[in-house]
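> Got a structure for you, written out below as structure tokens; questions coming shortly.
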Amino acid sequence: MIITNFVMNYDDAEKRLIAIGKELEKDINNSETWAAKAEILCSLRLHELALRCCDRSLAINPDNALTWVTKGIALNKLGRHDEAEEAFARAKELGYKGAPTYD
């Protein structure tokens with residue numbers, strides 16, 4: 001389950017976070033679910049929490065390019081630009097073709 005919509009209203013995000021919480025109760029080691037949670041938290045501008053979820057996801061599956069992109073976005077928003085560039089570079093190494101979104 002990957003959620004790539006970085007623009008969502010709070011009610012949608014809350015519902016999705018509840019659903020993700022239920023999924024994590026079933027399987028705490030699902031990297032895709034952690035990645036989806038990170039994307040939602042990023043959309044809510046909760047970048048520190050998003051970063052933690054990215055790290056959890058990448059600890060399980062370090063080859064998820066989209067999670068590296070999400071991590072790069074969160075790091076950039078936290079002012080950690082060098083680390084963000086490293087995350088974006090890793091995403092490209094894994095085959096990510098898009099340009100990072102900084103908004």
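Ligands are numbered from 1 in the order shown, residues from 1 within each chain, and chains are lettered A, B, ... in the order they appear in the structure tokens.
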When DSSP works through the backbone of this structure, what residues of chain A end up as helix (DSSP H, G or I), shown as number ranges by chain?
A: 10-26, 31-43, 47-60, 65-77, 81-93
> Applying 10 Å and only C-alpha atoms, which residues near Cys53 (chain A) remain after dropping the ones on its own chain fewer than 2 positions away? List them as a list in words.
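So, after excluding close chain neighbours, the residues are Ser31, Thr33, Trp34, Ala35, Ala36, Lys37, Ala38, Glu39, Leu41, His47, Glu48, Leu49, Ala50, Leu51, Asp55, Arg56, Ser57, Leu58, Ala59, Thr67, Thr70 and Lys71 of chain A.
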> Mind writing the picked residues with C-alpha atoms as a PDB file, in the first residue's frame?

ATOM      1  CA  SER A  31       7.831  -1.677   4.948  1.00  0.00           C
ATOM      2  CA  THR A  33       2.826   0.430   5.381  1.00  0.00           C
ATOM      3  CA  TRP A  34       5.575   2.367   7.144  1.00  0.00           C
ATOM      4  CA  ALA A  35       6.307   4.148   3.854  1.00  0.00           C
ATOM      5  CA  ALA A  36       2.642   5.056   3.418  1.00  0.00           C
ATOM      6  CA  LYS A  37       2.523   6.434   6.948  1.00  0.00           C
ATOM      7  CA  ALA A  38       5.621   8.525   6.227  1.00  0.00           C
ATOM      8  CA  GLU A  39       4.017  10.013   3.113  1.00  0.00           C
ATOM      9  CA  LEU A  41       2.880  12.518   7.873  1.00  0.00           C
ATOM     10  CA  HIS A  47       8.467  15.857   9.003  1.00  0.00           C
ATOM     11  CA  GLU A  48      10.283  14.516  12.062  1.00  0.00           C
ATOM     12  CA  LEU A  49       7.655  11.783  12.475  1.00  0.00           C
ATOM     13  CA  ALA A  50       7.722  11.108   8.737  1.00  0.00           C
ATOM     14  CA  LEU A  51      11.483  10.690   8.897  1.00  0.00           C
ATOM     15  CA  ASP A  55      13.822   4.977   8.668  1.00  0.00           C
ATOM     16  CA  ARG A  56      11.617   2.153   9.944  1.00  0.00           C
ATOM     17  CA  SER A  57      10.547   1.287   6.396  1.00  0.00           C
ATOM     18  CA  LEU A  58      14.088   1.431   5.034  1.00  0.00           C
ATOM     19  CA  ALA A  59      15.393  -0.750   7.856  1.00  0.00           C
ATOM     20  CA  THR A  67      10.701   5.849   0.511  1.00  0.00           C
ATOM     21  CA  THR A  70       9.969  10.761   0.996  1.00  0.00           C
ATOM     22  CA  LYS A  71      12.933  10.708   3.358  1.00  0.00           C
TER      23      LYS A  71
END
> As an exercise, work out the distance from CA of Ile18 (chain A) to CA of Leu44 (chain A) in Å and give it to one decimal place.
14.4 Å
> For CA of Ala74 (chain A) and CA of Gly21 (chain A), quote the distance in Å rounded to one decimal.
20.5 Å
> Work out how far apart CA of Pro62 (chain A) and CA of Glu83 (chain A) are and give it in Å to one decimal.
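So the answer is 15.8 Å.
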> I'd like to know which of A:Lys22, A:Lys92, A:Arg45, A:Lys15 is closest to Leu78 (chain A), using only C-alpha atoms.
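Answer, going by the shortest atom-to-atom distance: A:Arg45.
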> Here is a test: counting only C-alpha atoms, which residue of A:Glu32, A:Glu23, A:Asp11, A:Asp63 is nearest to Ala91 (chain A)?
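Answer, going by the shortest atom-to-atom distance: A:Asp63.
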> Hey, what's within 12 Å of Glu86 (chain A) if we count only C-alpha atoms and toss same-chain stuff fewer than 3 positions away? As a ChimeraX atom specification, please?
/A:68-69,71-73,75-76,80-83,89-93,100
